[in-house]
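Undergrad: Here you go, this is run_8.pdb (PDB, C-alpha atoms).
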MODEL        1
ATOM      1  CA  MET K   1       0.788  16.722 -34.444
ATOM      2  CA  LYS K   2       2.867  15.174 -31.735
ATOM      3  CA  LYS K   3       2.582  11.619 -30.590
ATOM      4  CA  ILE K   4       1.899  11.185 -26.896
ATOM      5  CA  ARG K   5       4.350   8.789 -25.294
ATOM      6  CA  MET K   6       3.576   6.477 -22.440
ATOM      7  CA  ARG K   7       4.738   3.434 -20.550
ATOM      8  CA  PHE K   8       2.399   0.697 -19.388
ATOM      9  CA  ARG K   9       2.682  -2.636 -17.646
ATOM     10  CA  ALA K  10      -0.017  -5.274 -17.318
ATOM     11  CA  LYS K  11       0.081  -8.289 -15.078
ATOM     12  CA  ALA K  12      -2.399 -11.155 -14.872
ATOM     13  CA  LYS K  13      -3.306 -12.914 -11.667
ATOM     14  CA  GLY K  14      -5.938 -15.536 -12.275
ATOM     15  CA  ASP K  15      -8.240 -13.838 -14.772
ATOM     16  CA  ILE K  16      -7.768 -10.403 -13.233
ATOM     17  CA  VAL K  17      -5.387  -8.124 -15.041
ATOM     18  CA  LYS K  18      -3.811  -5.216 -13.212
ATOM     19  CA  VAL K  19      -2.505  -2.380 -15.317
ATOM     20  CA  ILE K  20      -0.224   0.425 -14.199
ATOM     21  CA  GLY K  21       1.155   3.100 -16.433
ATOM     22  CA  LEU K  22       2.588   6.529 -16.927
ATOM     23  CA  ILE K  23       1.539   8.943 -19.636
ATOM     24  CA  LYS K  24       4.114  11.503 -20.623
ATOM     25  CA  HIS K  25       2.253  14.791 -20.714
ATOM     26  CA  PRO K  26       2.805  18.223 -19.144
ATOM     27  CA  ASN K  27      -0.928  18.736 -18.413
ATOM     28  CA  LEU K  28      -0.711  22.522 -18.450
ATOM     29  CA  THR K  29      -3.654  24.240 -16.804
ATOM     30  CA  TYR K  30      -4.888  27.640 -17.929
ATOM     31  CA  ILE K  31      -3.038  29.371 -15.068
ATOM     32  CA  MET K  32       0.216  27.495 -15.632
ATOM     33  CA  ALA K  33       0.135  28.036 -19.371
ATOM     34  CA  LYS K  34      -0.333  31.771 -18.915
ATOM     35  CA  LYS K  35       2.595  32.018 -16.515
ATOM     36  CA  GLN K  36       4.897  29.974 -18.706
ATOM     37  CA  HIS K  37       3.714  31.604 -21.940
ATOM     38  CA  LYS K  38       2.794  28.265 -23.383
ATOM     39  CA  GLU K  39      -0.426  26.996 -24.835
ATOM     40  CA  VAL K  40      -2.935  25.214 -22.675
ATOM     41  CA  ASN K  41      -2.887  21.498 -23.211
ATOM     42  CA  PHE K  42      -3.910  18.543 -21.130
ATOM     43  CA  LEU K  43      -5.099  14.982 -21.480
ATOM     44  CA  THR K  44      -8.801  14.730 -22.124
ATOM     45  CA  TYR K  45      -9.444  11.091 -22.821
ATOM     46  CA  ILE K  46      -7.907   7.766 -21.844
ATOM     47  CA  LYS K  47      -9.192   4.405 -23.000
ATOM     48  CA  ALA K  48      -8.010   0.822 -22.727
ATOM     49  CA  THR K  49      -9.360  -2.054 -24.780
ATOM     50  CA  HIS K  50      -8.841  -5.796 -24.573
ATOM     51  CA  ASN K  51      -9.998  -8.054 -27.417
ATOM     52  CA  GLY K  52     -11.873  -5.100 -28.878
ATOM     53  CA  GLU K  53     -13.864  -4.516 -25.702
ATOM     54  CA  VAL K  54     -13.445  -1.354 -23.657
ATOM     55  CA  VAL K  55     -12.221  -2.169 -20.151
ATOM     56  CA  TYR K  56     -11.210   1.274 -18.897
ATOM     57  CA  GLU K  57     -12.377   4.668 -19.938
ATOM     58  CA  ALA K  58     -11.785   8.102 -18.477
ATOM     59  CA  SER K  59     -12.570  11.648 -19.542
ATOM     60  CA  THR K  60     -10.140  13.891 -17.731
ATOM     61  CA  SER K  61      -9.519  17.562 -17.026
ATOM     62  CA  GLN K  62      -6.530  19.855 -16.634
ATOM     63  CA  PHE K  63      -6.066  18.860 -13.006
ATOM     64  CA  LEU K  64      -4.280  15.611 -13.582
ATOM     65  CA  SER K  65      -0.685  15.864 -12.450
ATOM     66  CA  LYS K  66       2.219  16.223 -14.821
ATOM     67  CA  ASP K  67       3.060  12.819 -16.330
ATOM     68  CA  PRO K  68       0.177  11.166 -14.473
ATOM     69  CA  VAL K  69       0.483   7.639 -13.181
ATOM     70  CA  LEU K  70      -2.685   5.609 -13.286
ATOM     71  CA  LYS K  71      -3.769   2.198 -12.109
ATOM     72  CA  PHE K  72      -6.728   0.087 -13.046
ATOM     73  CA  ALA K  73      -7.820  -3.525 -13.314
ATOM     74  CA  PHE K  74     -10.195  -5.637 -15.336
ATOM     75  CA  LYS K  75     -11.279  -9.250 -15.469
ATOM     76  CA  GLY K  76     -11.283 -11.753 -18.294
ATOM     77  CA  GLY K  77      -7.726 -11.329 -19.482
ATOM     78  CA  LYS K  78      -4.869 -13.794 -19.519
ATOM     79  CA  LYS K  79      -1.122 -13.959 -19.941
ATOM     80  CA  GLY K  80       0.026 -13.181 -23.463
ATOM     81  CA  ASP K  81      -3.043 -11.121 -24.391
ATOM     82  CA  VAL K  82      -2.666  -7.555 -25.540
ATOM     83  CA  VAL K  83      -4.172  -4.471 -23.919
ATOM     84  CA  GLU K  84      -4.368  -1.439 -26.148
ATOM     85  CA  VAL K  85      -4.248   1.965 -24.511
ATOM     86  CA  TYR K  86      -5.348   5.074 -26.349
ATOM     87  CA  VAL K  87      -4.966   8.663 -25.138
ATOM     88  CA  ARG K  88      -5.906  12.022 -26.589
ATOM     89  CA  ASP K  89      -5.269  15.600 -25.470
ATOM     90  CA  LEU K  90      -6.981  18.931 -25.932
ATOM     91  CA  LYS K  91      -5.064  19.812 -29.080
ATOM     92  CA  GLY K  92      -5.886  16.514 -30.734
ATOM     93  CA  ASN K  93      -2.523  14.838 -30.230
ATOM     94  CA  GLU K  94      -2.961  11.130 -29.864
ATOM     95  CA  GLY K  95      -1.036   8.166 -28.652
ATOM     96  CA  THR K  96      -1.572   4.425 -28.609
ATOM     97  CA  LYS K  97       0.342   1.679 -26.922
ATOM     98  CA  LYS K  98       0.050  -2.068 -27.103
ATOM     99  CA  VAL K  99       0.856  -3.782 -23.833
ATOM    100  CA  LYS K 100       1.400  -7.492 -23.536
ATOM    101  CA  ILE K 101      -0.018  -9.013 -20.368
ATOM    102  CA  LYS K 102       2.631 -10.757 -18.295
TER     103      LYS K 102
ATOM    104  CA  MET S  29     -47.471   4.708 -47.932
ATOM    105  CA  ASN S  30     -46.110   2.423 -50.612
ATOM    106  CA  ARG S  31     -43.895  -0.555 -50.109
ATOM    107  CA  ARG S  32     -40.656   1.245 -50.843
ATOM    108  CA  GLU S  33     -41.219   3.886 -48.197
ATOM    109  CA  PHE S  34     -42.250   1.295 -45.692
ATOM    110  CA  LEU S  35     -38.997  -0.600 -46.144
ATOM    111  CA  GLY S  36     -37.034   2.604 -45.793
ATOM    112  CA  LEU S  37     -38.808   3.335 -42.539
ATOM    113  CA  GLY S  38     -37.927  -0.113 -41.264
ATOM    114  CA  LEU S  39     -34.276   0.445 -42.034
ATOM    115  CA  GLY S  40     -34.345   3.774 -40.253
ATOM    116  CA  VAL S  41     -35.786   2.231 -37.106
ATOM    117  CA  LEU S  42     -33.249  -0.562 -37.280
ATOM    118  CA  ALA S  43     -30.380   1.908 -37.611
ATOM    119  CA  ALA S  44     -31.714   3.955 -34.683
ATOM    120  CA  SER S  45     -31.983   0.899 -32.488
ATOM    121  CA  MET S  46     -28.392  -0.036 -33.237
ATOM    122  CA  ILE S  47     -26.937   3.320 -32.220
ATOM    123  CA  PRO S  48     -27.037   2.847 -28.421
ATOM    124  CA  ALA S  49     -25.122  -0.389 -28.745
ATOM    125  CA  ARG S  50     -22.336   1.357 -30.576
ATOM    126  CA  VAL S  51     -22.078   4.330 -28.224
ATOM    127  CA  LEU S  52     -20.718   2.167 -25.437
ATOM    128  CA  ALA S  53     -17.648   4.325 -25.265
ATOM    129  CA  GLU S  54     -18.540   7.805 -24.093
ATOM    130  CA  ASP S  55     -16.328  10.854 -24.080
ATOM    131  CA  PHE S  56     -17.826  13.036 -21.365
ATOM    132  CA  ARG S  57     -15.952  16.089 -22.563
ATOM    133  CA  LYS S  58     -18.063  15.984 -25.718
ATOM    134  CA  THR S  59     -21.371  14.785 -24.316
ATOM    135  CA  LYS S  60     -21.415  16.881 -21.127
ATOM    136  CA  PRO S  61     -19.288  19.986 -21.753
ATOM    137  CA  SER S  62     -20.887  21.945 -18.887
ATOM    138  CA  VAL S  63     -19.429  19.551 -16.314
ATOM    139  CA  TRP S  64     -15.909  20.742 -17.026
ATOM    140  CA  LYS S  65     -16.745  24.423 -16.670
ATOM    141  CA  ALA S  66     -18.534  24.124 -13.331
ATOM    142  CA  LYS S  67     -16.657  25.939 -10.569
ATOM    143  CA  LYS S  68     -18.097  24.120  -7.546
ATOM    144  CA  PRO S  69     -18.372  20.367  -6.970
ATOM    145  CA  ASP S  70     -22.142  20.695  -6.388
ATOM    146  CA  GLN S  71     -22.656  22.323  -9.759
ATOM    147  CA  ALA S  72     -20.408  19.846 -11.538
ATOM    148  CA  ILE S  73     -22.173  16.870  -9.958
ATOM    149  CA  LYS S  74     -25.524  18.314 -10.955
ATOM    150  CA  ALA S  75     -24.311  18.919 -14.505
ATOM    151  CA  LEU S  76     -23.056  15.366 -14.821
ATOM    152  CA  PHE S  77     -25.745  13.336 -13.061
ATOM    153  CA  GLY S  78     -28.709  15.716 -13.145
ATOM    154  CA  THR S  79     -29.030  15.719  -9.365
ATOM    155  CA  ASN S  80     -26.793  16.230  -6.379
ATOM    156  CA  LYS S  81     -28.740  14.255  -3.856
ATOM    157  CA  MET S  82     -26.315  11.629  -2.632
ATOM    158  CA  ASP S  83     -25.476   9.315   0.228
ATOM    159  CA  LYS S  84     -22.154   9.266   1.981
ATOM    160  CA  SER S  85     -21.746   5.518   1.952
ATOM    161  CA  GLY S  86     -20.504   2.707  -0.225
ATOM    162  CA  VAL S  87     -17.583   4.635  -1.676
ATOM    163  CA  LYS S  88     -14.159   4.668  -0.115
ATOM    164  CA  LEU S  89     -11.682   7.273  -1.247
ATOM    165  CA  ASN S  90      -8.046   7.322  -0.271
ATOM    166  CA  ALA S  91      -5.807  10.367  -0.515
ATOM    167  CA  PRO S  92      -2.944  11.693   1.595
ATOM    168  CA  ASP S  93      -3.875  13.857   4.624
ATOM    169  CA  ILE S  94      -1.027  16.224   3.948
ATOM    170  CA  ALA S  95       0.531  16.675   0.538
ATOM    171  CA  GLU S  96       3.869  18.424   0.580
ATOM    172  CA  ASN S  97       3.649  18.996  -3.121
ATOM    173  CA  GLY S  98       0.270  19.889  -4.576
ATOM    174  CA  ALA S  99       1.466  19.075  -8.069
ATOM    175  CA  VAL S 100       1.367  15.326  -7.549
ATOM    176  CA  ILE S 101      -1.329  13.857  -5.318
ATOM    177  CA  PRO S 102      -2.215  10.198  -5.710
ATOM    178  CA  ILE S 103      -5.950   9.573  -5.411
ATOM    179  CA  THR S 104      -7.230   6.029  -5.049
ATOM    180  CA  VAL S 105     -10.837   4.891  -5.052
ATOM    181  CA  GLU S 106     -10.693   1.757  -2.954
ATOM    182  CA  LYS S 107     -14.291   0.728  -3.011
ATOM    183  CA  VAL S 108     -17.406   1.547  -5.004
ATOM    184  CA  PRO S 109     -20.956   0.203  -4.593
ATOM    185  CA  GLU S 110     -22.110  -2.860  -6.500
ATOM    186  CA  GLY S 111     -23.315  -2.017  -9.993
ATOM    187  CA  THR S 112     -21.509   1.301 -10.370
ATOM    188  CA  LYS S 113     -21.779   2.695 -13.891
ATOM    189  CA  ILE S 114     -20.076   6.043 -13.612
ATOM    190  CA  LEU S 115     -17.372   7.118 -11.218
ATOM    191  CA  ALA S 116     -16.290  10.750 -11.049
ATOM    192  CA  LEU S 117     -13.645  12.694  -9.170
ATOM    193  CA  PHE S 118     -14.066  16.324  -8.122
ATOM    194  CA  GLN S 119     -12.239  18.803  -5.900
ATOM    195  CA  ASP S 120     -12.873  22.302  -4.629
ATOM    196  CA  ALA S 121      -9.367  23.787  -4.582
ATOM    197  CA  ASN S 122      -8.844  24.517  -8.279
ATOM    198  CA  PRO S 123     -10.651  27.044 -10.513
ATOM    199  CA  GLU S 124     -12.865  24.325 -11.975
ATOM    200  CA  SER S 125     -14.118  21.323 -10.131
ATOM    201  CA  ALA S 126     -14.126  18.227 -12.333
ATOM    202  CA  VAL S 127     -11.005  16.082 -12.477
ATOM    203  CA  ALA S 128     -11.972  12.833 -14.139
ATOM    204  CA  VAL S 129     -15.042  10.841 -15.105
ATOM    205  CA  PHE S 130     -14.670   7.091 -15.483
ATOM    206  CA  THR S 131     -17.129   4.904 -17.331
ATOM    207  CA  ILE S 132     -17.321   1.496 -15.703
ATOM    208  CA  HIS S 133     -17.625  -1.249 -18.302
ATOM    209  CA  PRO S 134     -18.855  -4.786 -17.572
ATOM    210  CA  ARG S 135     -15.327  -6.128 -17.285
ATOM    211  CA  SER S 136     -13.807  -3.181 -15.448
ATOM    212  CA  ILE S 137     -12.889  -3.547 -11.799
ATOM    213  CA  PRO S 138     -13.323  -0.044 -10.403
ATOM    214  CA  ASP S 139     -12.145  -0.912  -6.881
ATOM    215  CA  GLY S 140      -8.584   0.314  -6.810
ATOM    216  CA  TYR S 141      -8.678   2.888  -9.606
ATOM    217  CA  SER S 142      -5.855   5.286  -8.953
ATOM    218  CA  ILE S 143      -4.752   8.466 -10.661
ATOM    219  CA  ARG S 144      -2.484  11.389  -9.814
ATOM    220  CA  ILE S 145      -3.946  14.858  -9.696
ATOM    221  CA  LYS S 146      -2.856  18.344  -8.686
ATOM    222  CA  LEU S 147      -4.379  20.791  -6.243
ATOM    223  CA  GLN S 148      -3.675  24.495  -6.059
ATOM    224  CA  LYS S 149      -4.354  24.735  -2.345
ATOM    225  CA  THR S 150      -5.858  22.803   0.538
ATOM    226  CA  GLY S 151      -9.237  21.416  -0.370
ATOM    227  CA  ASN S 152     -11.621  18.506  -0.417
ATOM    228  CA  VAL S 153     -11.530  15.728  -2.965
ATOM    229  CA  TYR S 154     -14.791  13.978  -3.796
ATOM    230  CA  ALA S 155     -15.450  10.620  -5.406
ATOM    231  CA  VAL S 156     -19.006  10.156  -6.656
ATOM    232  CA  ALA S 157     -20.361   6.851  -7.948
ATOM    233  CA  GLN S 158     -23.614   6.374  -9.807
ATOM    234  CA  THR S 159     -25.130   2.905  -9.757
ATOM    235  CA  LYS S 160     -27.337   1.277 -12.389
ATOM    236  CA  ASP S 161     -30.551   2.513 -10.751
ATOM    237  CA  GLY S 162     -29.308   6.106 -10.840
ATOM    238  CA  LYS S 163     -28.521   6.542  -7.155
ATOM    239  CA  LEU S 164     -25.476   8.539  -6.132
ATOM    240  CA  PHE S 165     -22.976   7.606  -3.460
ATOM    241  CA  TYR S 166     -19.909   9.582  -2.466
ATOM    242  CA  ASP S 167     -16.948   9.957  -0.200
ATOM    243  CA  GLU S 168     -14.839  13.017   0.530
ATOM    244  CA  LYS S 169     -11.373  13.568   1.860
ATOM    245  CA  LYS S 170      -9.584  16.699   2.913
ATOM    246  CA  VAL S 171      -6.106  17.092   1.515
ATOM    247  CA  LYS S 172      -3.843  19.699   3.056
ATOM    248  CA  VAL S 173      -1.505  21.179   0.504
ATOM    249  CA  THR S 174       1.583  23.023   1.650
ATOM    250  CA  ILE S 175       2.917  24.004  -1.793
ATOM    251  CA  GLY S 176       0.377  24.641  -4.558
ATOM    252  CA  GLY S 177       0.458  22.669  -7.762
ATOM    253  CA  CYS S 178      -1.156  25.029 -10.225
ATOM    254  CA  GLY S 179       1.098  28.061  -9.988
ATOM    255  CA  GLY S 180       3.785  26.606 -12.242
TER     256      GLY S 180
ENDMDL
END
As structure tokens, what does this structure read like?
TA:
Amino acid sequence: MKKIRMRFRAKAKGDIVKVIGLIKHPNLTYIMAKKQHKEVNFLTYIKATHNGEVVYEASTSQFLSKDPVLKFAFKGGKKGDVVEVYVRDLKGNEGTKKVKIK
Amino acid sequence: MNRREFLGLGLGVLAASMIPARVLAEDFRKTKPSVWKAKKPDQAIKALFGTNKMDKSGVKLNAPDIAENGAVIPITVEKVPEGTKILALFQDANPESAVAVFTIHPRSIPDGYSIRIKLQKTGNVYAVAQTKDGKLFYDEKKVKVTIGGCGG
């Protein structure tokens, strides 16, 4: 099983934390995979938690772009806290990343 | 019913009542598999929310008018109605319709959610928000694609 790699950045302004990140993933659709003779694989689930509480959650399909960039925000965070991002793809590969809020 | 059974029953009820609290995080690919197979936005919206009666208000979706490259199209949801619980993105250019379903948690700020998607050809992108009382609101945007993103 391969680990999914990603880059994330979180910035606090007041008690609102803005997160921006990139998940490294080819997101091959059924058509693309057939043409390239590769197996279908795409991100299916993205989740971010802060202090054990879910603050962002998405179930996704094959139509995200390659290496998708995503942005979201949540309230109740502060500088120095840690946001944990978890992603999973169709084949069960997983990835987690701890991001320190700046 | 003797005492032992009665206690067991109590525990069962207690356990059942605790389940909803734990299932705060929902993976819609597992709970609603039919959504992801639906070919048209209407069908996908019906599969996800149980209805496709919706108002075109409250939601503001931002996407480029013309995308030179269909493989990378940034989609931003700028505004959702107060009390939105579920936010979903659909399109009608690709073989299947659903793109992403977001669960809005108490501390999430859904205004400004942005994600990059791909479109095979010119089509409409839809953002649908469901509020606490079950009402649906949506916005749509036509994106013109000059080079498709699904052909590889």
Undergrad: Would you compute an axis-aligned box for range 26-32 of chain K, covering every atom listed for it in the file with 4 Å of margin on each side, and report centre and edge lengths in Å to one decimal as JSON?
TA:
{"center_x": -1.0, "center_y": 23.8, "center_z": -17.1, "size_x": 15.7, "size_y": 19.1, "size_z": 12.1}
Undergrad: Rank nothing, just name the residue among S:Ser136, S:Gln158, S:Ser142, S:Gln148 nearest to Ile16 in chain K, using only C-alpha atoms.
TA: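 Closest to Ile16 in chain K of all the choices is S:Ser136.
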Undergrad: Record the distance separating CA of Pro123 in chain S and CA of Lys67 in chain S, expressed in Å with one decimal.
TA: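 About the pair CA of Pro123 in chain S and CA of Lys67 in chain S: they are 6.1 Å apart.
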Undergrad: Extract, using only C-alpha atoms, all DNA, RNA and protein residues at most 8 Å from Leu43 in chain K, discarding same-chain residues fewer than 4 positions from it, and format them as a compact mmCIF listing (two decimals) with C-alpha atoms, keeping the file's coordinate frame.
TA:
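For reference, around-v3.txt as written:
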# COMPACT_ATOMS: atom_id res chain seq x y z
CA HIS K 25 2.25 14.79 -20.71
CA ASN K 27 -0.93 18.74 -18.41
CA THR K 60 -10.14 13.89 -17.73
CA SER K 61 -9.52 17.56 -17.03
CA GLN K 62 -6.53 19.86 -16.63
CA LEU K 64 -4.28 15.61 -13.58
CA VAL K 87 -4.97 8.66 -25.14
CA ARG K 88 -5.91 12.02 -26.59
CA ASP K 89 -5.27 15.60 -25.47
CA LEU K 90 -6.98 18.93 -25.93
Undergrad: Report as a PyMOL selection string the full result of the ChimeraX specification (/S :<6) & /K when it is applied to this structure.
TA: chain K and resi 32+55+57-61+63-65+68-75
Undergrad: For Ser85 in chain S, please output as number ranges by chain all residues within 9 Å (counting all atoms listed in the file; exclusion window: fewer than 4 positions along the same chain).
TA: S: 109, 165-167
Undergrad: Measuring between all atoms listed in the file, which one of S:Lys172, S:Ala121, S:Gly111, S:Met82 shows the shortest distance to Val156 in chain S?
TA: S:Met82
Undergrad: Return as a short mmCIF file (atom, residue, chain, number, x, y, z; two decimals) with C-alpha atoms, in the frame of the given file the set of residues that the PyMOL selection byres ((chain K and resi 78) around 8) yields on the displayed structure.
TA:
data_model
loop_
_atom_site.label_atom_id
_atom_site.label_comp_id
_atom_site.auth_asym_id
_atom_site.auth_seq_id
_atom_site.Cartn_x
_atom_site.Cartn_y
_atom_site.Cartn_z
CA ALA K 12 -2.40 -11.16 -14.87
CA GLY K 14 -5.94 -15.54 -12.28
CA ASP K 15 -8.24 -13.84 -14.77
CA ILE K 16 -7.77 -10.40 -13.23
CA VAL K 17 -5.39 -8.12 -15.04
CA GLY K 76 -11.28 -11.75 -18.29
CA GLY K 77 -7.73 -11.33 -19.48
CA LYS K 79 -1.12 -13.96 -19.94
CA GLY K 80 0.03 -13.18 -23.46
CA ASP K 81 -3.04 -11.12 -24.39
CA ILE K 101 -0.02 -9.01 -20.37
#
Undergrad: So, counting only C-alpha atoms, which residue among K:Lys24, K:Lys18, K:Lys38, K:Lys11 is closest to Glu94 in chain K?
TA: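 Nearest to Glu94 in chain K: K:Lys24.
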Undergrad: How would range 13-36 of chain K look with N, CA and C atoms restored, written as an mmCIF file, in the frame of the given file?
TA:
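Below you can see rebuild.cif, which holds the result:
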data_model
loop_
_atom_site.group_PDB
_atom_site.id
_atom_site.type_symbol
_atom_site.label_atom_id
_atom_site.label_comp_id
_atom_site.auth_asym_id
_atom_site.auth_seq_id
_atom_site.Cartn_x
_atom_site.Cartn_y
_atom_site.Cartn_z
ATOM 1 N N LYS K 13 -3.289 -12.043 -12.840
ATOM 2 C CA LYS K 13 -3.306 -12.914 -11.667
ATOM 3 C C LYS K 13 -4.661 -13.597 -11.700
ATOM 4 N N GLY K 14 -4.663 -14.883 -12.000
ATOM 5 C CA GLY K 14 -5.938 -15.536 -12.275
ATOM 6 C C GLY K 14 -6.483 -14.939 -13.560
ATOM 7 N N ASP K 15 -7.748 -14.501 -13.564
ATOM 8 C CA ASP K 15 -8.240 -13.838 -14.772
ATOM 9 C C ASP K 15 -8.344 -12.327 -14.577
ATOM 10 N N ILE K 16 -7.761 -11.849 -13.475
ATOM 11 C CA ILE K 16 -7.768 -10.403 -13.233
ATOM 12 C C ILE K 16 -6.455 -9.801 -13.722
ATOM 13 N N VAL K 17 -6.574 -8.774 -14.512
ATOM 14 C CA VAL K 17 -5.387 -8.124 -15.041
ATOM 15 C C VAL K 17 -5.241 -6.755 -14.399
ATOM 16 N N LYS K 18 -4.076 -6.521 -13.814
ATOM 17 C CA LYS K 18 -3.811 -5.216 -13.212
ATOM 18 C C LYS K 18 -2.900 -4.433 -14.139
ATOM 19 N N VAL K 19 -3.279 -3.207 -14.398
ATOM 20 C CA VAL K 19 -2.505 -2.380 -15.317
ATOM 21 C C VAL K 19 -2.027 -1.141 -14.576
ATOM 22 N N ILE K 20 -0.769 -0.801 -14.779
ATOM 23 C CA ILE K 20 -0.224 0.425 -14.199
ATOM 24 C C ILE K 20 0.566 1.113 -15.303
ATOM 25 N N GLY K 21 0.464 2.423 -15.339
ATOM 26 C CA GLY K 21 1.155 3.100 -16.433
ATOM 27 C C GLY K 21 1.403 4.564 -16.180
ATOM 28 N N LEU K 22 2.247 5.115 -17.009
ATOM 29 C CA LEU K 22 2.588 6.529 -16.927
ATOM 30 C C LEU K 22 2.414 7.136 -18.309
ATOM 31 N N ILE K 23 1.715 8.241 -18.366
ATOM 32 C CA ILE K 23 1.539 8.943 -19.636
ATOM 33 C C ILE K 23 2.380 10.204 -19.598
ATOM 34 N N LYS K 24 3.221 10.352 -20.591
ATOM 35 C CA LYS K 24 4.114 11.503 -20.623
ATOM 36 C C LYS K 24 3.330 12.695 -21.166
ATOM 37 N N HIS K 25 3.001 13.619 -20.270
ATOM 38 C CA HIS K 25 2.253 14.791 -20.714
ATOM 39 C C HIS K 25 2.391 15.911 -19.688
ATOM 40 N N PRO K 26 2.638 17.142 -20.132
ATOM 41 C CA PRO K 26 2.805 18.223 -19.144
ATOM 42 C C PRO K 26 1.522 18.611 -18.424
ATOM 43 N N ASN K 27 0.356 18.352 -19.009
ATOM 44 C CA ASN K 27 -0.928 18.736 -18.413
ATOM 45 C C ASN K 27 -0.938 20.180 -17.916
ATOM 46 N N LEU K 28 -0.744 21.117 -18.818
ATOM 47 C CA LEU K 28 -0.711 22.522 -18.450
ATOM 48 C C LEU K 28 -2.125 23.056 -18.234
ATOM 49 N N THR K 29 -2.356 23.617 -17.053
ATOM 50 C CA THR K 29 -3.654 24.240 -16.804
ATOM 51 C C THR K 29 -3.637 25.651 -17.396
ATOM 52 N N TYR K 30 -4.788 26.294 -17.357
ATOM 53 C CA TYR K 30 -4.888 27.640 -17.929
ATOM 54 C C TYR K 30 -3.952 28.612 -17.199
ATOM 55 N N ILE K 31 -3.893 28.469 -15.856
ATOM 56 C CA ILE K 31 -3.038 29.371 -15.068
ATOM 57 C C ILE K 31 -1.562 29.119 -15.371
ATOM 58 N N MET K 32 -1.182 27.838 -15.376
ATOM 59 C CA MET K 32 0.216 27.495 -15.632
ATOM 60 C C MET K 32 0.659 27.931 -17.016
ATOM 61 N N ALA K 33 -0.211 27.716 -17.992
ATOM 62 C CA ALA K 33 0.135 28.036 -19.371
ATOM 63 C C ALA K 33 0.357 29.534 -19.523
ATOM 64 N N LYS K 34 -0.449 30.321 -18.822
ATOM 65 C CA LYS K 34 -0.333 31.771 -18.915
ATOM 66 C C LYS K 34 0.993 32.234 -18.317
ATOM 67 N N LYS K 35 1.353 31.642 -17.184
ATOM 68 C CA LYS K 35 2.595 32.018 -16.515
ATOM 69 C C LYS K 35 3.821 31.628 -17.329
ATOM 70 N N GLN K 36 3.740 30.480 -17.975
ATOM 71 C CA GLN K 36 4.897 29.974 -18.706
ATOM 72 C C GLN K 36 4.880 30.386 -20.173
#
